[in-house]
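Peer 1: data-v3.tsv is reproduced in full below (TSV, C-alpha atoms).
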chain	number	residue	atom	x	y	z
A	1	MET	CA	29.57	53.61	34.92
A	2	GLU	CA	29.74	52.30	31.35
A	3	GLU	CA	26.09	51.22	31.53
A	4	GLU	CA	25.07	54.73	32.59
A	5	THR	CA	27.05	56.27	29.70
A	6	THR	CA	25.42	53.91	27.17
A	7	ALA	CA	21.97	54.62	28.51
A	8	ALA	CA	22.62	58.35	28.32
A	9	ALA	CA	23.78	58.06	24.69
A	10	GLU	CA	20.71	56.05	23.72
A	11	ALA	CA	18.50	58.58	25.41
A	12	ALA	CA	20.23	61.39	23.55
A	13	GLU	CA	19.77	59.63	20.20
A	14	ALA	CA	16.12	58.97	20.93
A	15	SER	CA	15.67	62.59	21.86
A	16	THR	CA	17.38	63.74	18.65
A	17	ALA	CA	15.20	61.43	16.52
A	18	SER	CA	12.13	62.61	18.33
A	19	ASP	CA	13.13	66.21	17.75
A	20	GLY	CA	13.75	65.47	14.04
A	21	VAL	CA	10.33	63.86	13.59
A	22	ALA	CA	8.71	66.57	15.56
A	23	GLY	CA	10.58	69.16	13.54
A	24	PHE	CA	9.40	67.61	10.29
A	25	PHE	CA	5.81	67.65	11.47
A	26	SER	CA	6.13	71.02	13.15
A	27	PRO	CA	3.32	73.52	12.62
A	28	GLU	CA	5.56	75.59	10.39
A	29	LYS	CA	6.39	72.64	8.12
A	30	ILE	CA	2.80	71.52	7.96
A	31	ASP	CA	1.65	75.03	7.09
A	32	ALA	CA	4.28	75.21	4.34
A	33	MET	CA	3.18	71.86	2.91
A	34	VAL	CA	-0.47	72.85	3.01
A	35	GLY	CA	0.35	76.15	1.37
A	36	TRP	CA	2.28	74.41	-1.41
A	37	LEU	CA	-0.57	71.96	-2.00
A	38	VAL	CA	-3.06	74.82	-2.13
A	39	ASP	CA	-0.91	76.74	-4.59
A	40	ASN	CA	0.15	73.80	-6.77
A	41	GLY	CA	-2.39	71.08	-6.12
A	42	VAL	CA	-4.48	72.02	-9.11
A	43	LYS	CA	-1.37	71.99	-11.32
A	44	VAL	CA	-0.35	68.55	-10.05
A	45	LEU	CA	-3.84	67.17	-10.63
A	46	LEU	CA	-3.88	68.67	-14.12
A	47	ALA	CA	-0.46	67.15	-14.84
A	48	LEU	CA	-1.67	63.70	-13.71
A	49	LEU	CA	-4.83	64.14	-15.74
A	50	ILE	CA	-2.81	65.11	-18.82
A	51	PHE	CA	-0.58	62.06	-18.39
A	52	VAL	CA	-3.45	59.59	-17.90
A	53	ILE	CA	-5.54	60.94	-20.78
A	54	GLY	CA	-2.47	61.31	-23.00
A	55	LYS	CA	-1.44	57.72	-22.37
A	56	TRP	CA	-4.93	56.53	-23.23
A	57	ILE	CA	-4.92	58.60	-26.43
A	58	ALA	CA	-1.46	57.24	-27.38
A	59	GLY	CA	-2.69	53.67	-26.90
A	60	ALA	CA	-5.84	54.36	-28.91
A	61	ILE	CA	-3.79	55.89	-31.74
A	62	ARG	CA	-1.45	52.88	-31.75
A	63	ASN	CA	-4.32	50.38	-31.89
A	64	GLY	CA	-6.12	52.41	-34.56
A	65	VAL	CA	-3.03	52.56	-36.76
A	66	LYS	CA	-2.50	48.81	-36.32
A	67	LYS	CA	-6.05	48.03	-37.40
A	68	ALA	CA	-5.94	50.43	-40.35
A	69	LEU	CA	-2.65	49.08	-41.67
A	70	SER	CA	-3.68	45.46	-41.11
A	71	LYS	CA	-6.86	45.97	-43.14
A	72	ARG	CA	-4.73	47.25	-46.03
A	73	GLU	CA	-2.54	44.12	-45.78
A	74	VAL	CA	0.59	46.09	-44.91
A	75	ASP	CA	3.65	44.05	-43.93
A	76	PRO	CA	3.28	42.92	-40.25
A	77	ALA	CA	6.79	44.15	-39.43
A	78	LEU	CA	5.92	47.65	-40.68
A	79	VAL	CA	2.64	47.61	-38.73
A	80	SER	CA	4.33	46.72	-35.45
A	81	PHE	CA	7.28	49.06	-35.88
A	82	GLY	CA	5.31	52.04	-37.15
A	83	SER	CA	2.63	51.85	-34.47
A	84	SER	CA	5.24	51.51	-31.71
A	85	ILE	CA	7.25	54.50	-32.92
A	86	LEU	CA	4.07	56.60	-33.14
A	87	TYR	CA	3.08	55.57	-29.61
A	88	TYR	CA	6.42	56.63	-28.13
A	89	ILE	CA	6.39	59.95	-29.98
A	90	VAL	CA	2.95	60.78	-28.56
A	91	MET	CA	4.03	59.67	-25.07
A	92	ILE	CA	7.08	61.95	-25.17
A	93	ALA	CA	4.85	64.89	-26.06
A	94	VAL	CA	2.44	63.95	-23.25
A	95	ILE	CA	5.21	63.76	-20.64
A	96	ILE	CA	6.63	67.12	-21.68
A	97	ALA	CA	3.16	68.70	-21.49
A	98	ALA	CA	2.60	67.22	-18.01
A	99	ILE	CA	5.95	68.47	-16.73
A	100	GLN	CA	5.29	71.95	-18.10
A	101	GLN	CA	1.94	72.01	-16.31
A	102	VAL	CA	3.66	71.55	-12.95
A	103	GLY	CA	5.87	74.53	-13.74
A	104	VAL	CA	9.14	72.77	-14.52
A	105	GLN	CA	11.17	74.49	-17.23
A	106	THR	CA	11.65	71.91	-19.98
A	107	THR	CA	14.36	73.82	-21.86
A	108	SER	CA	17.13	72.65	-19.55
A	109	LEU	CA	15.57	69.19	-19.38
A	110	VAL	CA	15.64	68.88	-23.15
A	111	ALA	CA	19.27	70.00	-23.17
A	112	ILE	CA	20.17	67.36	-20.58
A	113	VAL	CA	18.30	64.66	-22.48
A	114	GLY	CA	20.03	65.76	-25.71
A	115	ALA	CA	23.47	65.56	-24.10
A	116	ALA	CA	22.67	62.16	-22.64
A	117	GLY	CA	21.39	61.01	-26.02
A	118	LEU	CA	24.62	62.12	-27.68
A	119	ALA	CA	26.71	60.20	-25.15
A	120	VAL	CA	24.58	57.09	-25.56
A	121	GLY	CA	24.73	57.45	-29.35
A	122	LEU	CA	28.52	57.55	-29.34
A	123	ALA	CA	28.63	54.48	-27.12
A	124	LEU	CA	26.14	52.56	-29.25
A	125	GLN	CA	27.21	53.44	-32.79
A	126	GLY	CA	26.86	49.86	-34.02
A	127	SER	CA	23.40	49.45	-32.55
A	128	LEU	CA	22.29	52.79	-33.99
A	129	ALA	CA	23.57	51.73	-37.41
A	130	ASN	CA	21.51	48.55	-37.12
A	131	PHE	CA	18.51	50.61	-35.99
A	132	ALA	CA	18.82	53.00	-38.93
A	133	SER	CA	19.18	50.07	-41.33
A	134	GLY	CA	16.14	48.40	-39.75
A	135	VAL	CA	14.10	51.56	-40.34
A	136	LEU	CA	15.19	51.60	-44.01
A	137	ILE	CA	14.33	47.90	-44.44
A	138	ILE	CA	10.88	48.39	-42.94
A	139	MET	CA	10.22	51.59	-44.89
A	140	PHE	CA	11.43	50.50	-48.35
A	141	ARG	CA	10.71	46.77	-47.92
A	142	PRO	CA	13.29	45.15	-50.20
A	143	PHE	CA	11.93	41.89	-48.79
A	144	ARG	CA	9.08	40.72	-46.61
A	145	ILE	CA	8.48	37.98	-44.07
A	146	GLY	CA	8.31	34.67	-45.95
A	147	ASP	CA	10.60	35.73	-48.81
A	148	VAL	CA	13.76	33.77	-49.61
A	149	ILE	CA	16.69	36.16	-49.82
A	150	SER	CA	20.44	36.16	-50.23
A	151	ALA	CA	22.12	38.92	-48.22
A	152	ALA	CA	25.25	39.45	-46.12
A	153	GLY	CA	26.59	36.11	-47.33
A	154	GLU	CA	23.55	34.17	-46.05
A	155	ILE	CA	20.60	32.52	-47.81
A	156	GLY	CA	17.32	31.72	-46.09
A	157	VAL	CA	13.63	32.39	-45.52
A	158	VAL	CA	12.88	35.65	-43.72
A	159	LYS	CA	11.19	34.80	-40.43
A	160	GLU	CA	11.35	38.08	-38.55
A	161	ILE	CA	12.34	41.68	-39.18
A	162	SER	CA	13.17	43.77	-36.12
A	163	VAL	CA	14.73	47.19	-35.76
A	164	LEU	CA	18.18	45.69	-35.04
A	165	THR	CA	18.34	42.28	-36.72
A	166	THR	CA	16.70	40.13	-39.36
A	167	ILE	CA	16.16	36.45	-38.60
A	168	LEU	CA	16.45	33.90	-41.42
A	169	ALA	CA	15.82	30.16	-41.57
A	170	SER	CA	18.44	28.39	-43.70
A	171	PRO	CA	17.46	25.63	-46.16
A	172	ASP	CA	18.42	23.05	-43.50
A	173	ASN	CA	16.34	24.99	-40.93
A	174	LYS	CA	19.11	26.71	-39.00
A	175	LYS	CA	18.29	30.02	-37.32
A	176	ILE	CA	20.45	32.81	-38.75
A	177	ILE	CA	20.46	36.22	-37.02
A	178	VAL	CA	21.87	38.90	-39.34
A	179	PRO	CA	22.51	42.52	-38.24
A	180	ASN	CA	20.47	44.92	-40.33
A	181	SER	CA	23.51	47.07	-41.08
A	182	ALA	CA	25.24	44.07	-42.68
A	183	ILE	CA	22.22	43.50	-44.92
A	184	MET	CA	21.97	47.12	-46.06
A	185	ALA	CA	25.74	47.40	-46.58
A	186	GLY	CA	25.68	44.99	-49.55
A	187	SER	CA	23.46	43.75	-52.34
A	188	ILE	CA	20.19	41.99	-51.54
A	189	THR	CA	18.82	39.25	-53.79
A	190	ASN	CA	15.13	38.55	-53.23
A	191	ILE	CA	14.86	35.07	-54.75
A	192	THR	CA	11.09	34.72	-54.38
A	193	ALA	CA	10.07	38.30	-55.14
A	194	HIS	CA	8.36	37.30	-58.42
A	195	ASP	CA	5.82	34.58	-59.13
A	196	THR	CA	7.90	32.94	-61.89
A	197	ARG	CA	11.59	32.08	-62.36
A	198	ARG	CA	13.77	30.86	-65.19
A	199	VAL	CA	15.45	27.53	-64.57
A	200	ASP	CA	18.95	27.60	-66.10
A	201	MET	CA	20.45	24.19	-66.93
A	202	THR	CA	23.13	22.75	-69.22
A	203	VAL	CA	23.10	19.49	-71.18
A	204	GLY	CA	26.27	18.25	-72.89
A	205	VAL	CA	26.29	15.68	-75.73
A	206	SER	CA	28.94	14.11	-77.92
A	207	TYR	CA	30.27	15.80	-81.06
A	208	SER	CA	29.10	12.78	-83.06
A	209	ASP	CA	25.43	13.12	-82.05
A	210	ASP	CA	22.69	14.74	-84.15
A	211	LEU	CA	22.20	18.17	-82.59
A	212	ASP	CA	18.73	18.72	-84.07
A	213	LYS	CA	17.60	15.40	-82.64
A	214	VAL	CA	19.00	16.25	-79.22
A	215	GLN	CA	17.22	19.61	-79.29
A	216	GLU	CA	13.90	17.92	-80.11
A	217	ILE	CA	14.39	15.42	-77.26
A	218	ILE	CA	15.06	18.18	-74.74
A	219	LEU	CA	12.02	20.19	-75.88
A	220	ASP	CA	9.88	17.05	-75.72
A	221	VAL	CA	10.95	16.42	-72.12
A	222	LEU	CA	10.17	20.01	-71.18
A	223	ASN	CA	6.79	20.05	-72.90
A	224	ALA	CA	5.82	16.84	-71.11
A	225	ASP	CA	6.30	18.53	-67.72
A	226	SER	CA	3.11	20.37	-66.76
A	227	ARG	CA	5.07	22.64	-64.41
A	228	VAL	CA	7.02	24.18	-67.29
A	229	LEU	CA	5.27	27.33	-68.51
A	230	LYS	CA	4.26	27.71	-72.15
A	231	ASP	CA	4.66	31.48	-72.01
A	232	PRO	CA	7.42	32.42	-72.06
A	233	ALA	CA	8.38	29.40	-74.13
A	234	PRO	CA	11.36	27.29	-73.03
A	235	GLN	CA	14.64	28.05	-74.79
A	236	VAL	CA	17.03	25.29	-75.95
A	237	VAL	CA	20.11	26.50	-77.85
A	238	VAL	CA	23.64	25.34	-78.61
A	239	ALA	CA	25.73	27.54	-76.33
A	240	GLU	CA	29.26	26.13	-76.35
A	241	LEU	CA	31.59	23.86	-78.27
A	242	ALA	CA	33.50	22.62	-75.25
A	243	ASP	CA	36.62	20.44	-75.07
A	244	SER	CA	34.77	17.13	-74.99
A	245	SER	CA	31.10	18.01	-75.54
A	246	VAL	CA	28.60	20.23	-77.31
A	247	ASN	CA	26.69	22.08	-74.58
A	248	PHE	CA	23.04	23.10	-74.80
A	249	ASN	CA	21.65	25.89	-72.64
A	250	VAL	CA	18.21	24.80	-71.42
A	251	ARG	CA	16.07	27.63	-70.06
A	252	PRO	CA	12.46	26.82	-69.18
A	253	TRP	CA	10.25	29.03	-67.02
A	254	ALA	CA	8.28	27.77	-64.01
A	255	ALA	CA	6.40	29.05	-61.01
A	256	THR	CA	8.77	30.04	-58.22
A	257	SER	CA	7.36	27.31	-55.98
A	258	ASP	CA	8.10	24.68	-58.69
A	259	TYR	CA	11.69	25.80	-59.38
A	260	TRP	CA	13.59	23.02	-57.63
A	261	GLY	CA	11.11	20.34	-58.66
A	262	VAL	CA	11.61	21.20	-62.34
A	263	PHE	CA	15.39	21.46	-61.88
A	264	PHE	CA	15.89	18.08	-60.24
A	265	ASP	CA	13.31	16.11	-62.26
A	266	PHE	CA	14.63	17.40	-65.58
A	267	HIS	CA	18.16	16.11	-64.96
A	268	LYS	CA	16.89	12.67	-64.10
A	269	THR	CA	14.42	12.49	-67.00
A	270	ILE	CA	16.79	13.84	-69.66
A	271	LYS	CA	19.48	11.32	-68.72
A	272	GLN	CA	17.03	8.43	-69.02
A	273	ARG	CA	15.61	9.76	-72.30
A	274	LEU	CA	19.03	10.34	-73.92
A	275	ASP	CA	20.14	6.86	-72.94
A	276	LYS	CA	16.97	5.45	-74.50
A	277	GLU	CA	17.55	7.39	-77.74
A	278	GLY	CA	21.18	6.29	-77.94
A	279	VAL	CA	22.60	9.77	-77.34
A	280	SER	CA	25.84	9.73	-75.40
A	281	ILE	CA	26.70	12.16	-72.64
A	282	PRO	CA	30.49	12.55	-72.63
A	283	PHE	CA	32.57	12.88	-69.52
A	284	PRO	CA	36.18	14.00	-69.09
A	285	GLN	CA	38.72	11.23	-69.69
A	286	GLN	CA	42.42	10.88	-70.39
A	287	ASP	CA	44.41	8.41	-72.43
A	288	VAL	CA	47.73	7.48	-70.88
A	289	TYR	CA	50.43	5.98	-73.09
A	290	MET	CA	53.39	4.21	-71.53
A	291	HIS	CA	56.64	3.72	-73.40
A	292	GLN	CA	59.25	1.23	-72.31
A	293	ILE	CA	62.79	2.55	-72.57
A	294	GLU	CA	65.44	-0.05	-73.15
A	295	GLN	CA	68.65	0.50	-71.28
A	296	THR	CA	71.91	-0.55	-72.91
A	297	VAL	CA	74.40	-2.10	-70.52
A	298	SER	CA	77.96	-1.22	-71.50
Written as structure tokens, how would this file's structure read?
Peer 2:
Amino acid sequence: MEEETTAAAEAAEASTASDGVAGFFSPEKIDAMVGWLVDNGVKVLLALLIFVIGKWIAGAIRNGVKKALSKREVDPALVSFGSSILYYIVMIAVIIAAIQQVGVQTTSLVAIVGAAGLAVGLALQGSLANFASGVLIIMFRPFRIGDVISAAGEIGVVKEISVLTTILASPDNKKIIVPNSAIMAGSITNITAHDTRRVDMTVGVSYSDDLDKVQEIILDVLNADSRVLKDPAPQVVVAELADSSVNFNVRPWAATSDYWGVFFDFHKTIKQRLDKEGVSIPFPQQDVYMHQIEQTVS
């Protein structure tokens, strides 16, 4: 009895499925589909044609902009970002044009997209701030790839500029990822923006030494270094009468790439030269006097 009931149920399901398939491919349905294709087929083909041609045009515009900007030696980050933004703008226009061709009203679609964009914007405020800051960095270019900068409490060589973050390489070659909003929120020091830099150093000598002689020695050391520029001329002046020394400010100019070489070599050479000339370099010291107190025993 149970077997007969099961078989009857399966037969009923098969019959229902068969009726559903048959209903879908009924003459009425087929006629309706054919009628829709006849009425809208041209529009669909035109929409597909608009999309395909529009996509090709968007790609051609992107590649053309890349080549044009690259020939003018524009910053690579600006080339990539600008061409990508232009591509997406053209593609949005192409998609809207294709949808309109089919007969879909885009007014409500734009309203829905706008509402969704607002919701996403509220949820991603931090990312949008980084995006906006990335756009400003790429547009105004306070620094470029390869520059050494100090920003957001970090110092390093700029390796990559994206729309959300800037990647630096620290002096000991650590990878530092800094959000663009943090960079734009504070001051930016582009250390290698110019071809030349002034090297600021201090040399302290004893109060008993001949200051004119010391000045001549320092200038002689600077003039002997081919990396020190003649124009502007190096400056050596008495800057401070300190507690235990007379301090000279030493300010030569050098190419940016020679900055640290001049800085380090000068300190070594000036110490050796002052020792040779009998000029003393004082260092902080204290004299401690001890007094013995005699105790009287009563």
Peer 1: Kindly indicate which residue among A:Ala60, A:Leu128, A:Ile50, A:Leu136 lies nearest to Met184 in chain A, using only C-alpha atoms for the distances.
Peer 2: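 Of A:Ala60, A:Leu128, A:Ile50, A:Leu136, the one nearest Met184 in chain A, counting only C-alpha atoms, is A:Leu136.
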Peer 1: Do you have the CA of Val238 in chain A-CA of Pro252 in chain A distance handy?
Peer 2: 14.7 Å
Peer 1: In Å, with one decimal, what is the gap from CA of Tyr207 in chain A to CA of Met290 in chain A?
Peer 2: 27.6 Å
Peer 1: Enter the distance from CA of Met91 in chain A to CA of Asn130 in chain A, in Å, rounded to one decimal.
Peer 2: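 Rounded to one decimal, the two atoms are 24.0 Å apart.
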Peer 1: Range 263-266 of chain A: which residues within 8 Å, counting all atoms listed in the file, same-chain residues fewer than 4 positions away excluded, as a list in words?
Peer 2: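 The contact residues come out as Val199, Met201, Val221, Leu222, Tyr259 and Ile270 of chain A.
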Peer 1: Counting all atoms listed in the file, which residue out of A:Pro179, A:Pro76, A:Gly278, A:Pro232 sits closest to Phe131 in chain A?
Peer 2: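 Answer, going by the shortest atom-to-atom distance: A:Pro179.
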Peer 1: Might you pull out every residue within 12 Å of Val157 in chain A, with only C-alpha atoms counted and same-chain residues fewer than 5 positions away left off, and present them as a PDB file with C-alpha atoms, keeping the file's coordinate frame?
Peer 2:
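Listed below is the output, selection.pdb:
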ATOM      1  CA  PHE A 143      11.930  41.890 -48.790  1.00  0.00           C
ATOM      2  CA  ARG A 144       9.080  40.720 -46.610  1.00  0.00           C
ATOM      3  CA  ILE A 145       8.480  37.980 -44.070  1.00  0.00           C
ATOM      4  CA  GLY A 146       8.310  34.670 -45.950  1.00  0.00           C
ATOM      5  CA  ASP A 147      10.600  35.730 -48.810  1.00  0.00           C
ATOM      6  CA  VAL A 148      13.760  33.770 -49.610  1.00  0.00           C
ATOM      7  CA  ILE A 149      16.690  36.160 -49.820  1.00  0.00           C
ATOM      8  CA  SER A 150      20.440  36.160 -50.230  1.00  0.00           C
ATOM      9  CA  ALA A 151      22.120  38.920 -48.220  1.00  0.00           C
ATOM     10  CA  THR A 166      16.700  40.130 -39.360  1.00  0.00           C
ATOM     11  CA  ILE A 167      16.160  36.450 -38.600  1.00  0.00           C
ATOM     12  CA  LEU A 168      16.450  33.900 -41.420  1.00  0.00           C
ATOM     13  CA  ALA A 169      15.820  30.160 -41.570  1.00  0.00           C
ATOM     14  CA  SER A 170      18.440  28.390 -43.700  1.00  0.00           C
ATOM     15  CA  PRO A 171      17.460  25.630 -46.160  1.00  0.00           C
ATOM     16  CA  ASP A 172      18.420  23.050 -43.500  1.00  0.00           C
ATOM     17  CA  ASN A 173      16.340  24.990 -40.930  1.00  0.00           C
ATOM     18  CA  LYS A 174      19.110  26.710 -39.000  1.00  0.00           C
ATOM     19  CA  LYS A 175      18.290  30.020 -37.320  1.00  0.00           C
ATOM     20  CA  ILE A 176      20.450  32.810 -38.750  1.00  0.00           C
ATOM     21  CA  ILE A 177      20.460  36.220 -37.020  1.00  0.00           C
ATOM     22  CA  THR A 189      18.820  39.250 -53.790  1.00  0.00           C
ATOM     23  CA  ASN A 190      15.130  38.550 -53.230  1.00  0.00           C
ATOM     24  CA  ILE A 191      14.860  35.070 -54.750  1.00  0.00           C
ATOM     25  CA  THR A 192      11.090  34.720 -54.380  1.00  0.00           C
ATOM     26  CA  ALA A 193      10.070  38.300 -55.140  1.00  0.00           C
TER      27      ALA A 193
END
Peer 1: Which of these, A:Gln292, A:Ser133, A:Ser127, A:Ser162, has the shortest distance to Gly186 in chain A once you count all atoms listed in the file?
Peer 2: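 Smallest separation from Gly186 in chain A among the options: A:Ser133.
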Peer 1: Is it possible to get the residues within 8 Å of (10.6, 31.5, -60.3) (coordinates as in the file, counting all atoms listed in the file) written as a CSV table (one decimal) with C-alpha atoms, in the frame of the given file?
Peer 2:
chain,number,residue,atom,x,y,z
A,191,ILE,CA,14.9,35.1,-54.8
A,192,THR,CA,11.1,34.7,-54.4
A,194,HIS,CA,8.4,37.3,-58.4
A,195,ASP,CA,5.8,34.6,-59.1
A,196,THR,CA,7.9,32.9,-61.9
A,197,ARG,CA,11.6,32.1,-62.4
A,198,ARG,CA,13.8,30.9,-65.2
A,199,VAL,CA,15.4,27.5,-64.6
A,253,TRP,CA,10.2,29.0,-67.0
A,254,ALA,CA,8.3,27.8,-64.0
A,255,ALA,CA,6.4,29.0,-61.0
A,256,THR,CA,8.8,30.0,-58.2
A,257,SER,CA,7.4,27.3,-56.0
A,258,ASP,CA,8.1,24.7,-58.7
A,259,TYR,CA,11.7,25.8,-59.4
Peer 1: Excluding Leu46 in chain A and its own-chain neighbours fewer than 6 positions away, which residues fall within 9 Å of it when counting all atoms listed in the file? Please give them as a list in words.
Peer 2: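 Counting all atoms listed in the file, the residues come to Ala98, Gln101 and Val102 of chain A.
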Peer 1: With only C-alpha atoms as the counted atoms, please give the residues lying no more than 12 Å from Ile218 in chain A, apart from itself and same-chain residues fewer than 4 positions off, as a PyMOL selection string.
Peer 2: chain A and resi 201-205+211-214+222-225+234-238+248-252+266-267+269-274+277+279
Peer 1: Nearest residue to Arg141 in chain A out of A:Leu164, A:Ala93, A:Ile188, A:Leu49, using all atoms listed in the file?
Peer 2: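 Of A:Leu164, A:Ala93, A:Ile188, A:Leu49, the one nearest Arg141 in chain A, counting all atoms listed in the file, is A:Ile188.
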